[in-house]
file my_file-v3.pdb (PDB, C-alpha atoms)
ATOM      1  CA  MET A   1       0.000   0.000   0.000
ATOM      2  CA  LYS A   2       2.842   2.393   0.879
ATOM      3  CA  SER A   3       4.585   1.697  -2.403
ATOM      4  CA  ILE A   4       1.413   2.578  -4.380
ATOM      5  CA  LYS A   5       1.083   5.913  -2.523
ATOM      6  CA  LEU A   6       4.771   6.634  -3.031
ATOM      7  CA  LEU A   7       4.554   5.774  -6.738
ATOM      8  CA  SER A   8       1.432   7.965  -7.108
ATOM      9  CA  PHE A   9       3.195  10.852  -5.370
ATOM     10  CA  PHE A  10       6.228  10.667  -7.700
ATOM     11  CA  ALA A  11       3.924  10.461 -10.736
ATOM     12  CA  LEU A  12       2.092  13.599  -9.560
ATOM     13  CA  VAL A  13       5.379  15.492  -8.999
ATOM     14  CA  LEU A  14       6.623  14.432 -12.434
ATOM     15  CA  ALA A  15       3.377  15.560 -14.101
ATOM     16  CA  LEU A  16       3.471  18.937 -12.324
ATOM     17  CA  SER A  17       7.078  19.517 -13.319
ATOM     18  CA  PHE A  18       6.179  18.989 -16.999
ATOM     19  CA  VAL A  19       3.301  21.476 -16.725
ATOM     20  CA  ALA A  20       5.386  24.012 -14.825
ATOM     21  CA  CYS A  21       8.248  23.835 -17.318
ATOM     22  CA  LYS A  22       5.984  24.142 -20.358
ATOM     23  CA  GLY A  23       7.207  27.138 -22.370
ATOM     24  CA  ASP A  24       5.038  30.233 -22.275
ATOM     25  CA  SER A  25       5.403  32.095 -25.568
ATOM     26  CA  SER A  26       5.151  35.572 -24.013
ATOM     27  CA  THR A  27       7.734  34.681 -21.354
ATOM     28  CA  ASP A  28      10.000  33.077 -23.933
ATOM     29  CA  SER A  29       9.829  36.101 -26.258
ATOM     30  CA  ALA A  30      10.493  38.504 -23.386
ATOM     31  CA  ARG A  31      13.423  36.409 -22.231
ATOM     32  CA  GLU A  32      14.791  36.308 -25.780
ATOM     33  CA  SER A  33      14.479  40.088 -26.215
ATOM     34  CA  LEU A  34      16.462  40.585 -23.012
ATOM     35  CA  ASN A  35      19.177  38.324 -24.314
ATOM     36  CA  THR A  36      19.380  39.975 -27.740
ATOM     37  CA  THR A  37      18.965  43.639 -26.768
ATOM     38  CA  PRO A  38      22.307  45.196 -25.865
ATOM     39  CA  ALA A  39      22.246  46.902 -22.503
ATOM     40  CA  ALA A  40      22.786  50.626 -22.535
ATOM     41  CA  THR A  41      25.874  51.213 -20.493
ATOM     42  CA  THR A  42      27.049  54.542 -19.286
ATOM     43  CA  ALA A  43      30.358  55.002 -17.597
ATOM     44  CA  VAL A  44      29.963  56.442 -14.121
ATOM     45  CA  ASN A  45      32.796  58.389 -12.631
ATOM     46  CA  PRO A  46      32.638  57.949  -8.840
ATOM     47  CA  ASN A  47      34.825  61.034  -8.381
ATOM     48  CA  ALA A  48      32.528  63.327 -10.365
ATOM     49  CA  PRO A  49      30.536  65.809  -8.273
ATOM     50  CA  ALA A  50      26.862  65.003  -7.901
ATOM     51  CA  THR A  51      24.517  67.089  -9.993
ATOM     52  CA  PRO A  52      21.945  68.707  -7.721
ATOM     53  CA  ALA A  53      18.351  67.947  -8.572
ATOM     54  CA  VAL A  54      16.326  70.800 -10.009
ATOM     55  CA  PRO A  55      12.718  70.740  -8.816
ATOM     56  CA  ALA A  56      10.001  70.215 -11.398
ATOM     57  CA  GLY A  57       7.490  72.953 -12.077
ATOM     58  CA  PRO A  58       7.856  76.723 -12.050
ATOM     59  CA  LEU A  59      10.897  78.017 -10.213
ATOM     60  CA  THR A  60      11.165  81.157  -8.138
ATOM     61  CA  LYS A  61      13.782  82.964  -6.048
ATOM     62  CA  VAL A  62      14.146  83.394  -2.306
ATOM     63  CA  SER A  63      16.193  85.926  -0.370
ATOM     64  CA  PHE A  64      16.913  85.548   3.351
ATOM     65  CA  GLU A  65      17.654  88.669   5.413
ATOM     66  CA  GLU A  66      20.486  86.669   7.019
ATOM     67  CA  ALA A  67      21.837  83.186   6.407
ATOM     68  CA  THR A  68      23.849  82.892   9.642
ATOM     69  CA  HIS A  69      22.864  83.695  13.213
ATOM     70  CA  ASP A  70      25.250  83.669  16.174
ATOM     71  CA  PHE A  71      23.357  83.093  19.430
ATOM     72  CA  GLY A  72      26.422  83.950  21.526
ATOM     73  CA  THR A  73      27.158  81.923  24.662
ATOM     74  CA  ILE A  74      24.487  79.862  26.397
ATOM     75  CA  MET A  75      24.618  77.367  29.242
ATOM     76  CA  GLU A  76      24.251  73.665  28.511
ATOM     77  CA  GLY A  77      20.599  72.641  28.569
ATOM     78  CA  GLU A  78      19.283  75.989  27.308
ATOM     79  CA  LYS A  79      17.557  76.287  23.966
ATOM     80  CA  ALA A  80      18.607  78.948  21.470
ATOM     81  CA  GLU A  81      15.863  80.072  19.124
ATOM     82  CA  HIS A  82      16.051  82.291  16.064
ATOM     83  CA  THR A  83      13.635  83.306  13.326
ATOM     84  CA  TYR A  84      15.049  83.719   9.815
ATOM     85  CA  VAL A  85      12.990  86.085   7.662
ATOM     86  CA  PHE A  86      12.854  85.595   3.902
ATOM     87  CA  THR A  87      11.192  87.186   0.883
ATOM     88  CA  ASN A  88       9.954  85.484  -2.272
ATOM     89  CA  THR A  89      11.819  87.628  -4.816
ATOM     90  CA  GLY A  90      10.714  85.562  -7.821
ATOM     91  CA  ASP A  91       7.645  85.608 -10.046
ATOM     92  CA  GLU A  92       6.090  82.327  -8.882
ATOM     93  CA  PRO A  93       4.702  81.185  -5.520
ATOM     94  CA  LEU A  94       7.473  79.878  -3.245
ATOM     95  CA  ILE A  95       6.836  76.368  -1.947
ATOM     96  CA  ILE A  96       9.165  75.127   0.782
ATOM     97  CA  SER A  97       8.918  71.355   0.600
ATOM     98  CA  ASN A  98      11.304  70.551   3.449
ATOM     99  CA  ALA A  99      13.556  72.037   6.099
ATOM    100  CA  LYS A 100      15.985  69.769   7.910
ATOM    101  CA  GLY A 101      18.550  70.324  10.632
ATOM    102  CA  SER A 102      22.016  68.799  10.417
ATOM    103  CA  CYS A 103      21.322  66.859  13.620
ATOM    104  CA  GLY A 104      18.447  66.101  15.964
ATOM    105  CA  CYS A 105      19.357  69.017  18.239
ATOM    106  CA  THR A 106      18.427  71.550  15.534
ATOM    107  CA  VAL A 107      14.731  71.671  14.648
ATOM    108  CA  PRO A 108      13.317  74.021  11.985
ATOM    109  CA  ASP A 109       9.675  75.069  11.590
ATOM    110  CA  TRP A 110       8.706  76.474   8.185
ATOM    111  CA  PRO A 111       5.531  77.657   6.418
ATOM    112  CA  ARG A 112       3.667  74.821   4.702
ATOM    113  CA  GLU A 113       1.558  77.112   2.507
ATOM    114  CA  PRO A 114       2.899  78.793  -0.675
ATOM    115  CA  ILE A 115       4.402  82.268  -0.272
ATOM    116  CA  ALA A 116       3.240  84.673  -2.983
ATOM    117  CA  PRO A 117       5.785  86.706  -4.990
ATOM    118  CA  GLY A 118       6.920  89.734  -2.981
ATOM    119  CA  GLU A 119       5.603  88.309   0.293
ATOM    120  CA  LYS A 120       7.664  87.528   3.392
ATOM    121  CA  GLY A 121       7.821  84.353   5.443
ATOM    122  CA  GLU A 122       9.684  82.959   8.427
ATOM    123  CA  VAL A 123      11.681  79.854   9.293
ATOM    124  CA  LYS A 124      12.004  79.357  13.048
ATOM    125  CA  VAL A 125      15.015  77.299  14.202
ATOM    126  CA  VAL A 126      15.453  75.904  17.722
ATOM    127  CA  PHE A 127      18.839  74.574  18.878
ATOM    128  CA  ASP A 128      18.787  72.353  21.989
ATOM    129  CA  SER A 129      22.152  72.497  23.769
ATOM    130  CA  LYS A 130      21.534  69.470  26.002
ATOM    131  CA  GLY A 131      24.741  67.409  26.093
ATOM    132  CA  LYS A 132      26.653  69.952  23.965
ATOM    133  CA  GLY A 133      28.404  71.942  26.707
ATOM    134  CA  LYS A 134      31.982  71.909  27.893
ATOM    135  CA  VAL A 135      33.706  73.756  30.714
ATOM    136  CA  GLY A 136      35.212  76.853  29.132
ATOM    137  CA  GLY A 137      32.786  76.684  26.189
ATOM    138  CA  ASN A 138      32.156  74.367  23.271
ATOM    139  CA  PRO A 139      31.685  76.068  19.870
ATOM    140  CA  GLN A 140      28.662  74.760  17.964
ATOM    141  CA  SER A 141      27.631  75.333  14.355
ATOM    142  CA  LYS A 142      24.535  73.663  12.930
ATOM    143  CA  ARG A 143      23.166  73.877   9.412
ATOM    144  CA  VAL A 144      19.544  73.857   8.268
ATOM    145  CA  THR A 145      18.827  72.822   4.683
ATOM    146  CA  ILE A 146      15.792  74.506   3.113
ATOM    147  CA  THR A 147      14.435  72.697   0.038
ATOM    148  CA  ALA A 148      12.107  74.701  -2.203
ATOM    149  CA  ASN A 149      11.106  75.296  -5.817
ATOM    150  CA  THR A 150      14.221  77.407  -6.393
ATOM    151  CA  ASP A 151      17.376  76.896  -8.430
ATOM    152  CA  PRO A 152      19.439  75.686  -6.702
ATOM    153  CA  ALA A 153      16.819  73.682  -4.832
ATOM    154  CA  ASN A 154      18.640  73.915  -1.480
ATOM    155  CA  THR A 155      19.351  77.021   0.589
ATOM    156  CA  TYR A 156      21.470  76.713   3.727
ATOM    157  CA  LEU A 157      21.009  78.535   7.023
ATOM    158  CA  THR A 158      23.467  78.357   9.928
ATOM    159  CA  ILE A 159      22.920  78.780  13.650
ATOM    160  CA  LYS A 160      26.053  78.937  15.778
ATOM    161  CA  GLY A 161      27.375  79.887  19.172
ATOM    162  CA  VAL A 162      29.154  78.559  22.239
ATOM    163  CA  VAL A 163      27.692  76.160  24.802
ATOM    164  CA  ASP A 164      29.262  76.524  28.241
ATOM    165  CA  LYS A 165      29.060  74.103  31.142
ATOM    166  CA  THR A 166      29.591  74.786  34.820
ATOM    167  CA  GLU A 167      32.141  72.682  36.617
ATOM    168  CA  ALA A 168      30.731  69.902  38.747
ATOM    169  CA  PRO A 169      31.165  70.730  42.441
ATOM    170  CA  THR A 170      33.936  68.753  44.094
ATOM    171  CA  SER A 171      33.103  66.944  47.302
TER     172      SER A 171
END
call {"tool": "encode", "arguments": {"input": "my_file-v3.pdb", "output": "structure tokens"}}
result
Amino acid sequence: MKSIKLLSFFALVLALSFVACKGDSSTDSARESLNTTPAATTAVNPNAPATPAVPAGPLTKVSFEEATHDFGTIMEGEKAEHTYVFTNTGDEPLIISNAKGSCGCTVPDWPREPIAPGEKGEVKVVFDSKGKGKVGGNPQSKRVTITANTDPANTYLTIKGVVDKTEAPTS
């Protein structure tokens, strides 16, 4: 009885393998076209500078009143906050699609709605100095990347200063 079941099982596997391996004309023709079509190869130079992406759609221009702000000296744990004011100096609505700090301690807040030509807007940046201090002062410089429908697509803002730390009392 076991040998009949075993023989039936092998017969079923053999039959399925014939069906599964049956050539499909559309698959065969696609496979053949891949084999006969030469691949387009382009030489890539790893040392070449990356070409920045230009956003699709109408481009405009943005002008910040200042690109760098120095918050001076603060004590570790304090938050430094600054508002960068900008003007859409182009002919199209300005759309800021993203604003990103260079690390988690620098958080930007930007307008999500389009800014009309000639209008002003603000990007608020908060720098959290927790864990950044050093006795005698620790210089900090953080960059915020603003991505918008401008050419170039990225504009860079900098917030910098010194984070001081008080000495731990000795027992």
call {"tool": "atom_distance", "arguments": {"input": "my_file-v3.pdb", "atom1": "CA of Trp110 (chain A)", "atom2": "CA of Gly161 (chain A)"}}
result
21.9 Å
call {"tool": "residues_around", "arguments": {"input": "my_file-v3.pdb", "residues": "Arg112 (chain A)", "least_positions_apart": "6", "cutoff": "12 Å", "atoms": "only C-alpha atoms", "output": "PyMOL selection string"}}
result
chain A and resi 94-99+121-123+147-148
call {"tool": "write_last_selection", "arguments": {"input": "my_file-v3.pdb", "atoms": "C-alpha atoms", "output": "JSON list (two decimals), keeping the file's coordinate frame"}}
result
[["chain", "number", "residue", "atom", "x", "y", "z"],
["A", 94, "LEU", "CA", 7.47, 79.88, -3.24],
["A", 95, "ILE", "CA", 6.84, 76.37, -1.95],
["A", 96, "ILE", "CA", 9.16, 75.13, 0.78],
["A", 97, "SER", "CA", 8.92, 71.36, 0.60],
["A", 98, "ASN", "CA", 11.30, 70.55, 3.45],
["A", 99, "ALA", "CA", 13.56, 72.04, 6.10],
["A", 121, "GLY", "CA", 7.82, 84.35, 5.44],
["A", 122, "GLU", "CA", 9.68, 82.96, 8.43],
["A", 123, "VAL", "CA", 11.68, 79.85, 9.29],
["A", 147, "THR", "CA", 14.44, 72.70, 0.04],
["A", 148, "ALA", "CA", 12.11, 74.70, -2.20]]
call {"tool": "resolve_selection", "arguments": {"input": "my_file-v3.pdb", "expression": "the PyMOL selection byres ((chain A and resi 117) around 6)", "output": "VMD selection string"}}
result
chain A and resid 88 90 to 93 116 118 to 119
call {"tool": "residues_near_point", "arguments": {"input": "my_file-v3.pdb", "point": "(11.5, 85.1, 0.7)", "cutoff": "6 Å", "atoms": "all atoms listed in the file", "output": "ChimeraX atom specification"}}
result
/A:62-63,86-88,120
call {"tool": "atom_distance", "arguments": {"input": "my_file-v3.pdb", "atom1": "CA of Gly72 (chain A)", "atom2": "CA of Thr166 (chain A)"}}
result
16.5 Å
call {"tool": "atom_distance", "arguments": {"input": "my_file-v3.pdb", "atom1": "CA of Phe127 (chain A)", "atom2": "CA of Asn154 (chain A)"}}
result
20.4 Å
call {"tool": "resolve_selection", "arguments": {"input": "my_file-v3.pdb", "expression": "the PyMOL selection byres ((chain A and resi 143) around 7)", "output": "PyMOL selection string"}}
result
chain A and resi 101-102+141-142+144-145+156-159
call {"tool": "write_last_selection", "arguments": {"input": "my_file-v3.pdb", "atoms": "C-alpha atoms", "output": "compact mmCIF listing (two decimals), keeping the file's coordinate frame"}}
result
# COMPACT_ATOMS: atom_id res chain seq x y z
CA GLY A 101 18.55 70.32 10.63
CA SER A 102 22.02 68.80 10.42
CA SER A 141 27.63 75.33 14.36
CA LYS A 142 24.54 73.66 12.93
CA VAL A 144 19.54 73.86 8.27
CA THR A 145 18.83 72.82 4.68
CA TYR A 156 21.47 76.71 3.73
CA LEU A 157 21.01 78.54 7.02
CA THR A 158 23.47 78.36 9.93
CA ILE A 159 22.92 78.78 13.65
call {"tool": "closest_residue", "arguments": {"input": "my_file-v3.pdb", "among": "A:Gly131, A:Pro111, A:Gly104, A:Gly57", "to": "Gly77 (chain A)", "atoms": "only C-alpha atoms"}}
result
A:Gly131
call {"tool": "closest_residue", "arguments": {"input": "my_file-v3.pdb", "among": "A:Thr89, A:Thr83, A:Thr150, A:Ser129", "to": "Asp109 (chain A)", "atoms": "only C-alpha atoms"}}
result
A:Thr83
call {"tool": "closest_residue", "arguments": {"input": "my_file-v3.pdb", "among": "A:Lys61, A:His69, A:Lys100, A:Lys160", "to": "Asn138 (chain A)", "atoms": "only C-alpha atoms"}}
result
A:Lys160
call {"tool": "axis_aligned_box", "arguments": {"input": "my_file-v3.pdb", "around": "region 136-139 of chain A", "padding_each_side": "4 Å", "output": "AutoDock Vina command-line options"}}
result
--center_x 33.4 --center_y 75.6 --center_z 24.5 --size_x 11.5 --size_y 10.5 --size_z 17.3
call {"tool": "resolve_selection", "arguments": {"input": "my_file-v3.pdb", "expression": "the PyMOL selection byres ((chain A and resi 78) around 8)", "output": "list in words"}}
result
Ile74, Met75, Glu76, Gly77, Lys79, Ala80, Asp128, Ser129 and Lys130 of chain A
